[in-house]
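Note: the block below is coords08.cif and it holds mmCIF, C-alpha atoms.
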```
data_run
loop_
_atom_site.label_atom_id
_atom_site.label_comp_id
_atom_site.auth_asym_id
_atom_site.auth_seq_id
_atom_site.Cartn_x
_atom_site.Cartn_y
_atom_site.Cartn_z
CA MET A 1 106.94 7.77 144.95
CA LYS A 2 104.25 10.36 144.24
CA LYS A 3 103.21 10.96 140.66
CA ILE A 4 102.05 14.11 138.88
CA LEU A 5 100.52 14.24 135.43
CA PHE A 6 100.95 17.36 133.29
CA THR A 7 98.93 18.40 130.27
CA GLY A 8 98.71 21.40 127.95
CA GLY A 9 99.60 22.13 124.37
CA GLY A 10 98.76 23.46 120.95
CA SER A 11 101.28 26.29 121.31
CA ALA A 12 104.54 26.84 123.20
CA GLY A 13 102.69 29.17 125.58
CA HIS A 14 100.59 26.23 126.77
CA VAL A 15 103.75 24.32 127.71
CA THR A 16 106.00 27.01 129.22
CA VAL A 17 104.74 26.83 132.81
CA ASN A 18 104.91 23.03 132.70
CA LEU A 19 108.55 23.33 131.62
CA ALA A 20 109.19 25.57 134.62
CA LEU A 21 107.52 23.17 137.09
CA ILE A 22 108.97 19.88 135.84
CA PRO A 23 112.53 20.45 137.22
CA LYS A 24 111.12 21.23 140.69
CA PHE A 25 109.15 18.00 140.80
CA MET A 26 112.10 16.13 139.34
CA ASP A 27 114.35 17.44 142.13
CA ALA A 28 111.72 16.42 144.70
CA GLY A 29 111.75 12.84 143.39
CA TRP A 30 108.28 12.77 141.88
CA SER A 31 107.37 10.49 138.99
CA MET A 32 106.04 12.47 136.01
CA ASP A 33 103.79 11.75 133.04
CA TYR A 34 102.58 14.12 130.33
CA ILE A 35 99.49 13.81 128.14
CA GLY A 36 99.54 15.80 124.94
CA SER A 37 98.43 15.62 121.33
CA ILE A 38 99.95 13.37 118.70
CA ASN A 39 101.63 16.07 116.59
CA GLY A 40 101.53 19.22 118.75
CA ILE A 41 104.58 21.29 119.71
CA GLU A 42 104.24 19.94 123.27
CA ARG A 43 105.41 16.52 122.04
CA GLN A 44 108.63 18.04 120.67
CA LEU A 45 109.29 20.04 123.85
CA ILE A 46 108.45 17.34 126.40
CA THR A 47 110.02 14.28 124.78
CA ALA A 48 113.37 16.08 124.95
CA ILE A 49 113.19 15.94 128.78
CA PRO A 50 114.51 12.75 130.42
CA ASN A 51 112.34 10.87 132.94
CA VAL A 52 109.05 12.37 131.74
CA LYS A 53 106.88 9.80 129.97
CA TYR A 54 104.83 11.28 127.12
CA HIS A 55 101.39 9.89 126.19
CA SER A 56 99.46 11.11 123.15
CA ILE A 57 95.68 11.11 122.84
CA SER A 58 93.05 12.03 120.28
CA THR A 59 91.90 15.63 120.48
CA GLY A 60 89.75 18.11 118.61
CA LYS A 61 90.26 21.83 118.18
CA LEU A 62 87.83 24.20 119.90
CA ARG A 63 86.93 26.56 117.05
CA ARG A 64 84.86 29.72 117.21
CA TYR A 65 84.14 29.74 113.48
CA VAL A 66 82.21 27.59 111.01
CA ASP A 67 84.29 24.68 109.72
CA LEU A 68 83.41 21.18 108.50
CA LYS A 69 85.93 19.79 110.99
CA ASN A 70 83.64 20.99 113.78
CA VAL A 71 81.37 18.07 112.90
CA LYS A 72 84.12 15.47 113.45
CA ASP A 73 86.01 17.06 116.34
CA PRO A 74 83.48 16.26 119.11
CA PHE A 75 84.04 12.58 118.33
CA HIS A 76 87.82 13.12 118.63
CA VAL A 77 87.29 14.81 122.00
CA VAL A 78 85.10 11.95 123.27
CA LYS A 79 87.74 9.46 122.12
CA GLY A 80 90.36 11.56 123.90
CA VAL A 81 88.34 11.53 127.14
CA VAL A 82 88.17 7.73 127.02
CA GLN A 83 91.92 7.48 126.33
CA ALA A 84 92.77 9.99 129.09
CA TYR A 85 90.45 8.27 131.57
CA GLN A 86 92.12 4.91 130.93
CA LEU A 87 95.64 6.38 131.14
CA ILE A 88 94.90 8.20 134.40
CA LYS A 89 93.23 5.14 135.88
CA LYS A 90 96.35 3.11 135.06
CA GLN A 91 98.97 5.72 136.07
CA LYS A 92 97.17 6.80 139.30
CA PRO A 93 98.65 10.32 139.63
CA ALA A 94 98.17 12.18 142.91
CA VAL A 95 97.33 15.37 141.00
CA VAL A 96 96.90 16.65 137.43
CA PHE A 97 98.26 20.04 136.36
CA SER A 98 96.76 21.57 133.23
CA LYS A 99 98.25 24.54 131.37
CA GLY A 100 95.38 24.75 128.89
CA GLY A 101 94.97 24.42 125.16
CA PHE A 102 92.45 22.14 123.48
CA VAL A 103 94.35 18.95 124.39
CA SER A 104 93.75 19.64 128.08
CA VAL A 105 89.96 19.29 127.93
CA PRO A 106 89.74 15.48 127.64
CA VAL A 107 92.59 15.09 130.16
CA VAL A 108 90.91 17.21 132.84
CA ILE A 109 87.58 15.46 132.30
CA GLY A 110 89.35 12.10 132.49
CA ALA A 111 90.98 13.14 135.77
CA TRP A 112 87.63 14.32 137.18
CA LEU A 113 86.04 10.98 136.29
CA ASN A 114 88.89 9.28 138.18
CA LYS A 115 88.40 11.63 141.16
CA VAL A 116 91.96 12.95 140.79
CA PRO A 117 92.37 16.61 141.88
CA VAL A 118 93.11 19.04 139.05
CA ILE A 119 94.90 22.40 139.05
CA VAL A 120 94.35 24.57 135.98
CA HIS A 121 96.62 27.51 135.11
CA GLU A 122 95.47 30.54 133.10
CA SER A 123 98.17 32.96 131.93
CA ASP A 124 96.10 35.51 130.01
CA LEU A 125 93.99 38.38 131.28
CA THR A 126 90.80 36.61 130.20
CA PRO A 127 90.40 32.81 130.38
CA GLY A 128 90.56 30.85 127.15
CA LEU A 129 87.73 28.59 125.99
CA ALA A 130 89.56 25.40 127.04
CA ASN A 131 90.14 26.72 130.56
CA ARG A 132 86.56 27.97 130.85
CA ILE A 133 85.46 24.39 130.16
CA THR A 134 88.04 22.67 132.37
CA SER A 135 87.43 25.09 135.25
CA ARG A 136 84.16 23.24 135.89
CA PHE A 137 86.08 20.05 136.60
CA SER A 138 89.03 21.56 138.50
CA THR A 139 89.93 21.90 142.17
CA VAL A 140 91.92 25.15 141.82
CA ILE A 141 92.44 27.65 138.99
CA CYS A 142 95.69 29.64 139.20
CA THR A 143 95.97 32.96 137.39
CA THR A 144 98.74 35.31 136.32
CA PHE A 145 96.65 38.50 136.40
CA PRO A 146 94.84 39.26 139.70
CA GLU A 147 91.59 40.28 137.98
CA THR A 148 91.39 36.96 136.10
CA ALA A 149 90.63 34.98 139.26
CA ALA A 150 87.31 36.82 139.60
CA ALA A 151 86.21 35.55 136.16
CA PHE A 152 85.69 32.04 137.53
CA LYS A 153 82.24 31.91 139.10
CA ASN A 154 82.84 28.85 141.29
CA ASN A 155 85.26 30.89 143.46
CA ASN A 156 88.21 28.53 143.08
CA GLY A 157 90.38 31.15 141.35
CA HIS A 158 93.77 31.74 142.98
CA HIS A 159 96.13 34.54 141.88
CA VAL A 160 99.79 33.42 141.90
CA GLY A 161 101.36 35.94 139.52
CA PRO A 162 103.66 35.40 136.53
CA VAL A 163 105.72 32.21 136.48
CA ILE A 164 109.29 32.93 135.35
CA ARG A 165 111.37 29.99 134.20
CA GLU A 166 114.54 29.64 136.28
CA GLU A 167 116.75 29.45 133.18
CA MET A 168 115.53 32.89 132.10
CA LYS A 169 117.16 34.34 135.22
CA GLN A 170 120.55 32.84 134.35
CA GLY A 171 121.26 34.28 130.90
CA LYS A 172 124.67 35.78 130.15
CA ALA A 173 124.95 38.60 127.62
CA GLU A 174 128.41 37.61 126.39
CA ARG A 175 127.25 34.05 125.70
CA GLY A 176 124.32 35.51 123.76
CA ARG A 177 126.60 37.67 121.63
CA GLU A 178 128.86 34.71 120.89
CA PHE A 179 125.85 32.51 120.06
CA VAL A 180 124.63 34.83 117.30
CA GLY A 181 128.12 35.73 116.11
CA PHE A 182 128.06 39.51 116.45
CA SER A 183 131.30 41.42 117.04
CA LYS A 184 131.86 43.46 120.22
CA MET A 185 130.71 46.81 118.85
CA THR A 186 128.24 48.82 120.96
CA LYS A 187 125.26 49.21 118.59
CA PRO A 188 122.03 48.34 120.50
CA THR A 189 120.40 45.01 119.65
CA ILE A 190 116.75 44.13 119.03
CA LEU A 191 115.34 40.62 119.40
CA VAL A 192 112.36 40.03 117.09
CA MET A 193 110.18 36.99 117.72
CA GLY A 194 106.76 36.19 116.29
CA GLY A 195 105.90 33.09 118.33
CA SER A 196 106.84 29.43 118.01
CA LEU A 197 105.71 29.29 114.35
CA GLY A 198 106.84 32.78 113.40
CA ALA A 199 104.63 35.58 112.06
CA ARG A 200 104.50 36.14 108.32
CA LYS A 201 103.61 39.83 108.32
CA ILE A 202 106.15 40.70 111.04
CA ASN A 203 108.80 38.79 109.08
CA GLU A 204 107.96 40.58 105.83
CA VAL A 205 107.80 44.10 107.26
CA LEU A 206 110.95 43.63 109.33
CA ARG A 207 112.92 42.51 106.27
CA GLU A 208 111.57 45.44 104.25
CA SER A 209 112.84 47.74 107.02
CA LEU A 210 116.28 46.17 107.56
CA ASN A 211 118.37 48.67 105.64
CA GLU A 212 116.98 51.56 107.67
CA LEU A 213 116.84 49.79 111.05
CA THR A 214 120.38 48.43 110.88
CA LYS A 215 121.78 51.94 110.53
CA GLN A 216 121.03 52.25 114.25
CA PHE A 217 120.45 48.71 115.55
CA ARG A 218 121.49 45.10 115.26
CA ILE A 219 118.67 42.61 114.70
CA ILE A 220 118.29 39.03 115.96
CA HIS A 221 115.28 37.56 114.19
CA LEU A 222 113.48 34.37 115.27
CA CYS A 223 111.40 33.90 112.13
CA GLY A 224 109.81 30.46 112.63
CA LYS A 225 110.28 27.08 111.00
CA GLY A 226 110.80 27.24 107.24
CA ASN A 227 110.94 31.06 107.19
CA LEU A 228 114.67 31.73 106.78
CA ASP A 229 115.59 34.01 103.85
CA SER A 230 118.99 33.03 102.47
CA SER A 231 119.02 36.00 100.07
CA ILE A 232 119.64 38.51 102.88
CA SER A 233 123.24 39.51 103.48
CA ASN A 234 123.57 42.08 106.26
CA PRO A 235 126.26 41.91 108.97
CA ASP A 236 123.87 43.46 111.53
CA TYR A 237 121.08 40.93 110.92
CA LYS A 238 121.05 37.34 112.20
CA GLN A 239 118.10 35.05 111.57
CA PHE A 240 117.16 31.75 113.19
CA GLU A 241 114.09 29.55 112.83
CA TYR A 242 113.87 29.02 116.59
CA ILE A 243 116.17 29.23 119.60
CA ASP A 244 115.50 27.09 122.66
CA GLN A 245 118.36 26.61 125.13
CA GLY A 246 120.22 29.74 124.03
CA LEU A 247 117.24 32.05 124.47
CA PRO A 248 118.07 33.21 128.05
CA ASP A 249 121.51 34.34 126.82
CA ILE A 250 119.99 36.09 123.78
CA LEU A 251 117.55 37.95 126.02
CA ALA A 252 120.35 38.96 128.39
CA TYR A 253 122.29 40.34 125.41
CA CYS A 254 119.52 42.24 123.62
CA ASP A 255 118.42 45.78 124.51
CA PHE A 256 114.87 45.69 123.11
CA VAL A 257 112.28 43.08 122.12
CA ILE A 258 109.67 43.07 119.35
CA SER A 259 107.15 40.35 120.03
CA ARG A 260 103.61 39.07 120.00
CA ALA A 261 101.80 39.56 123.34
CA GLY A 262 101.53 36.07 124.81
CA SER A 263 101.36 36.38 128.59
CA ASN A 264 104.23 34.03 129.50
CA SER A 265 106.68 35.79 127.18
CA ILE A 266 105.83 39.38 128.03
CA PHE A 267 106.08 38.75 131.78
CA GLU A 268 109.54 37.26 131.22
CA PHE A 269 110.52 40.41 129.29
CA LEU A 270 109.12 42.47 132.18
CA PHE A 271 111.15 40.49 134.70
CA LEU A 272 114.31 41.04 132.61
CA LYS A 273 113.53 44.78 132.18
CA LYS A 274 113.52 44.64 128.37
CA PRO A 275 111.62 47.54 126.75
CA MET A 276 109.22 45.92 124.31
CA LEU A 277 107.28 46.72 121.18
CA LEU A 278 104.26 44.40 121.19
CA ILE A 279 102.40 43.47 118.00
CA PRO A 280 99.46 41.41 119.34
CA LEU A 281 97.51 38.88 117.33
CA THR A 282 94.38 40.44 115.85
CA LYS A 283 90.78 39.44 116.59
CA GLN A 284 90.76 37.66 113.22
CA GLN A 285 93.74 35.53 114.28
CA SER A 286 92.76 34.81 117.89
CA ARG A 287 90.14 35.27 120.59
CA GLY A 288 91.63 38.69 121.43
CA ASP A 289 93.61 37.70 124.52
CA GLN A 290 96.86 39.21 123.22
CA LEU A 291 95.12 42.53 122.57
CA LEU A 292 94.04 42.65 126.22
CA ASN A 293 97.49 41.57 127.48
CA ALA A 294 99.17 44.27 125.40
CA ALA A 295 96.68 46.94 126.48
CA SER A 296 97.26 46.06 130.15
CA PHE A 297 101.04 46.37 129.75
CA GLU A 298 100.68 49.61 127.80
CA ARG A 299 98.56 51.14 130.60
CA GLU A 300 101.30 50.28 133.10
CA GLY A 301 103.97 51.86 130.88
CA TYR A 302 105.85 48.59 130.27
CA CYS A 303 105.60 48.54 126.49
CA LYS A 304 104.73 50.28 123.24
CA VAL A 305 101.97 48.68 121.15
CA LEU A 306 101.78 48.58 117.35
CA HIS A 307 98.61 46.93 116.04
CA GLU A 308 99.11 44.62 113.08
CA GLU A 309 96.49 46.48 111.03
CA LEU A 310 98.83 49.51 111.17
CA LEU A 311 102.04 47.55 110.66
CA ASP A 312 104.16 48.61 107.71
CA SER A 313 107.78 49.59 107.23
CA LYS A 314 107.21 53.23 108.16
CA SER A 315 105.23 52.48 111.36
CA LEU A 316 107.70 49.81 112.45
CA ILE A 317 110.76 52.06 112.03
CA THR A 318 109.01 54.95 113.80
CA SER A 319 107.85 52.74 116.69
CA VAL A 320 111.29 51.20 117.20
CA ARG A 321 112.97 54.60 117.25
CA GLU A 322 110.42 55.93 119.75
CA LEU A 323 110.92 52.86 121.93
CA ALA A 324 114.68 53.45 121.94
CA GLU A 325 114.29 57.14 122.74
CA GLU A 326 112.06 56.33 125.74
CA LYS A 327 114.10 53.34 126.91
CA GLU A 328 114.85 54.68 130.39
CA VAL A 329 111.19 55.55 131.02
CA TYR A 330 110.11 52.01 130.22
CA ILE A 331 112.83 50.52 132.44
CA LYS A 332 111.84 52.82 135.31
CA ASN A 333 108.20 51.71 135.00
CA MET A 334 109.21 48.04 134.89
CA ASN A 335 111.33 48.48 138.01
CA GLY A 336 108.11 49.36 139.83
CA PHE A 337 106.58 45.92 139.24
CA LYS A 338 106.77 43.74 142.37
CA HIS A 339 107.78 40.21 141.46
CA HIS A 340 106.84 37.33 143.75
CA ASP A 341 107.98 33.72 143.67
CA ALA A 342 105.01 32.58 141.59
CA LEU A 343 106.75 29.34 140.66
CA GLY A 344 107.24 28.50 144.34
CA LEU A 345 103.64 29.45 145.18
CA LEU A 346 102.35 27.28 142.35
CA TYR A 347 104.56 24.35 143.33
CA ASN A 348 103.40 24.50 146.96
CA LEU A 349 99.77 24.77 145.92
CA ILE A 350 100.12 21.65 143.78
CA ILE A 351 101.74 19.78 146.69
CA GLU A 352 98.90 20.80 149.03
CA THR A 353 96.26 19.84 146.48
CA ALA A 354 97.88 16.45 145.98
CA LYS A 355 97.60 15.77 149.72
#
```

Entire entry expressed as structure tokens:
Amino acid sequence: MKKILFTGGGSAGHVTVNLALIPKFMDAGWSMDYIGSINGIERQLITAIPNVKYHSISTGKLRRYVDLKNVKDPFHVVKGVVQAYQLIKKQKPAVVFSKGGFVSVPVVIGAWLNKVPVIVHESDLTPGLANRITSRFSTVICTTFPETAAAFKNNNGHHVGPVIREEMKQGKAERGREFVGFSKMTKPTILVMGGSLGARKINEVLRESLNELTKQFRIIHLCGKGNLDSSISNPDYKQFEYIDQGLPDILAYCDFVISRAGSNSIFEFLFLKKPMLLIPLTKQQSRGDQLLNAASFEREGYCKVLHEELLDSKSLITSVRELAEEKEVYIKNMNGFKHHDALGLLYNLIIETAK
């Protein structure tokens, strides 16, 4: 039985592609292991899957700012490399697949030291710091955006396109409506999601705007863990900390999406032809990848962008109304995007690399 080892974490976006690939390898009879951090979201997502053994290692965060933890974190990374090296030596995988995030660095180095081939996947328009480091130890780097492949100087970049999880293609609108508990009236519905941990400013401004927005729309709000507001009583507003298995049905049901601009999510919205209002993370909150993702989608006419620095109740209400008015234009533009079987391409590339 062949074995594959997955890694990636720190955010849900660094696990999504792994979640899409795991069922394919499971169906093909492969044995699967996963190396992640001790307390990261990847542990929660992966341990829920049967027949995938989860291993946790020490890891440090790759910061771009001055912090006292930067002094200790290199030692955590070195410890993680030793742990990953020993795990990989014992498990003997045929190939390692890395989705990125800081936990992937010691795993990829450990695989390289064991002479195990590594495939790295980069979803964003520009490669993150972790993937820029791990690219030096990888066999192939797969990218979502075609121009990203050129950013890797060792010429092992390979454009595969956006990976869409199979379950996202199987959502049913009626199941989504029943899940949230809305009646069968025809008012259009907006799904608002700020990422796996929620987004404080989006949550605050949305709730300030509810009375005006719900005159025209229904709102499904994924607000993040610990961010529910029990004081709100509005029949056209439903809030949840997080939705996992029901998300494909919710997306099938909704008419519009308000979201951050993580690559995996926005390409799924594009595939489902959901007009989107993107509120990307700022430069102060991130390395700027979401700003570039959002700008790319805006140029193609797939979305409307509202920068967080300009986000208030007035700008949100105006942007949502404009998005609704131009709905058909956005859908027409999205229909022009040519989708390929990126998941199949990626799966076959991993199989070939394992050989």

Shell around segment 13-19 of chain A at 6 Å using all atoms listed in the file, local window under 3 positions removed, as a PyMOL selection string: chain A and resi 8-9+22+99-100

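If all atoms listed in the file are the atoms counted, then among A:Ala12, A:Ala354, A:Ala20, A:Leu113 the closest residue to Tyr242 of chain A is A:Ala12.
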
Counting all atoms listed in the file, figure out which residue out of A:Pro23, A:Gly36, A:Pro93, A:Gly128 gets nearest to Trp112 of chain A. A:Pro93

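Take the candidates A:Lys89, A:His76, A:Lys238, A:Arg136 and check each one against Val120 of chain A using all atoms listed in the file; the shortest distance goes to A:Arg136.
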
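Between atom CA of Gly226 of chain A and atom CA of Ser11 of chain A the interatomic distance comes to 17.0 Å.
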
Using the chain letters and numbers from this file, what does the PyMOL selection byres ((chain A and resi 170) around 12) select? Give the answer as a ChimeraX atom specification. /A:164-169,171-173,175-176,245-253,272

Written as a compact mmCIF listing (two decimals) with C-alpha atoms, in the frame of the given file, what is the full residue list that the PyMOL selection byres ((chain A and resi 156) around 12) yields on the file shown?
```
# COMPACT_ATOMS: atom_id res chain seq x y z
CA VAL A 118 93.11 19.04 139.05
CA ILE A 119 94.90 22.40 139.05
CA VAL A 120 94.35 24.57 135.98
CA HIS A 121 96.62 27.51 135.11
CA SER A 135 87.43 25.09 135.25
CA ARG A 136 84.16 23.24 135.89
CA PHE A 137 86.08 20.05 136.60
CA SER A 138 89.03 21.56 138.50
CA THR A 139 89.93 21.90 142.17
CA VAL A 140 91.92 25.15 141.82
CA ILE A 141 92.44 27.65 138.99
CA CYS A 142 95.69 29.64 139.20
CA THR A 143 95.97 32.96 137.39
CA THR A 148 91.39 36.96 136.10
CA ALA A 149 90.63 34.98 139.26
CA ALA A 150 87.31 36.82 139.60
CA ALA A 151 86.21 35.55 136.16
CA PHE A 152 85.69 32.04 137.53
CA LYS A 153 82.24 31.91 139.10
CA ASN A 154 82.84 28.85 141.29
CA ASN A 155 85.26 30.89 143.46
CA GLY A 157 90.38 31.15 141.35
CA HIS A 158 93.77 31.74 142.98
CA HIS A 159 96.13 34.54 141.88
```

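Rounded to one decimal, atom CA of Lys92 of chain A and atom CA of Ala130 of chain A lie 23.5 Å from each other.
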
Need to verify the contact set: Val116 of chain A, 7 Å, all atoms listed in the file, exclusion of same-chain residues closer than 3 positions in sequence. Can you return it as a PyMOL selection string? chain A and resi 94-95+111-112

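Summary of the local environment: counting all atoms listed in the file, residues at most 9 Å from Leu316 of chain A, other than itself and those fewer than 6 positions away along its chain, are Val205, Leu206, Ser209, Leu306 and Leu310 of chain A.
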
Atom CA of Met26 of chain A to atom CA of Lys355 of chain A, distance in Å rounded to a single decimal: 17.8 Å

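Distances here use only C-alpha atoms; by that measure, the residue among A:Arg132, A:Lys3, A:Lys79, A:Lys187 closest to Gln91 of chain A is A:Lys3.
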
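When all atoms listed in the file are used to measure the gap to Val52 of chain A, the shortest distance among A:Pro74, A:Asn293, A:Asp244, A:Leu5 belongs to A:Leu5.
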
Reference answer for the PyMOL selection byres ((chain A and resi 281) around 9), as a CSV table (one decimal) with C-alpha atoms, keeping the file's coordinate frame:
```
chain,number,residue,atom,x,y,z
A,260,ARG,CA,103.6,39.1,120.0
A,261,ALA,CA,101.8,39.6,123.3
A,262,GLY,CA,101.5,36.1,124.8
A,279,ILE,CA,102.4,43.5,118.0
A,280,PRO,CA,99.5,41.4,119.3
A,282,THR,CA,94.4,40.4,115.8
A,283,LYS,CA,90.8,39.4,116.6
A,284,GLN,CA,90.8,37.7,113.2
A,285,GLN,CA,93.7,35.5,114.3
A,286,SER,CA,92.8,34.8,117.9
A,287,ARG,CA,90.1,35.3,120.6
A,288,GLY,CA,91.6,38.7,121.4
A,289,ASP,CA,93.6,37.7,124.5
A,290,GLN,CA,96.9,39.2,123.2
A,291,LEU,CA,95.1,42.5,122.6
A,307,HIS,CA,98.6,46.9,116.0
A,308,GLU,CA,99.1,44.6,113.1
```

For each of A:Ser233, A:Gln216, A:Thr144, A:Ser313, take the minimum atom-to-atom distance to Leu343 of chain A, counting all atoms listed in the file, then give the residue where this is smallest. A:Thr144

Contacts of Gly80 of chain A at 6 Å or less, counting only C-alpha atoms, minus same-chain residues fewer than 4 places along, as a PDB file with C-alpha atoms, in the frame of the given file?
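That gives us part.pdb:
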```
ATOM      1  CA  ILE A  57      95.680  11.110 122.840  1.00  0.00           C
ATOM      2  CA  SER A  58      93.050  12.030 120.280  1.00  0.00           C
ATOM      3  CA  THR A  59      91.900  15.630 120.480  1.00  0.00           C
ATOM      4  CA  ALA A  84      92.770   9.990 129.090  1.00  0.00           C
ATOM      5  CA  PRO A 106      89.740  15.480 127.640  1.00  0.00           C
TER       6      PRO A 106
END
```

List the neighbours of Val329 of chain A out to 9 Å using only C-alpha atoms; skip same-chain residues closer than 5 positions along the sequence, and give me the result as a ChimeraX atom specification. /A:301-302,334

Taking the point (102.3, 18.5, 113.2) as given in the file, collect each protein or nucleic acid residue that comes within 12 Å of it, counting all atoms listed in the file, and present the set as an MDAnalysis selection string. chainID A and resid 10:11 37:44 197 225

Return the padded bounding box of segment 32-49 of chain A as lines of an AutoDock Vina configuration file: axis-aligned, built from all atoms listed in the file, 4 Å added on each side, with centre and edge lengths in Å to one decimal.
```
center_x = 105.9
center_y = 16.5
center_z = 126.3
size_x = 22.9
size_y = 17.5
size_z = 27.4
```
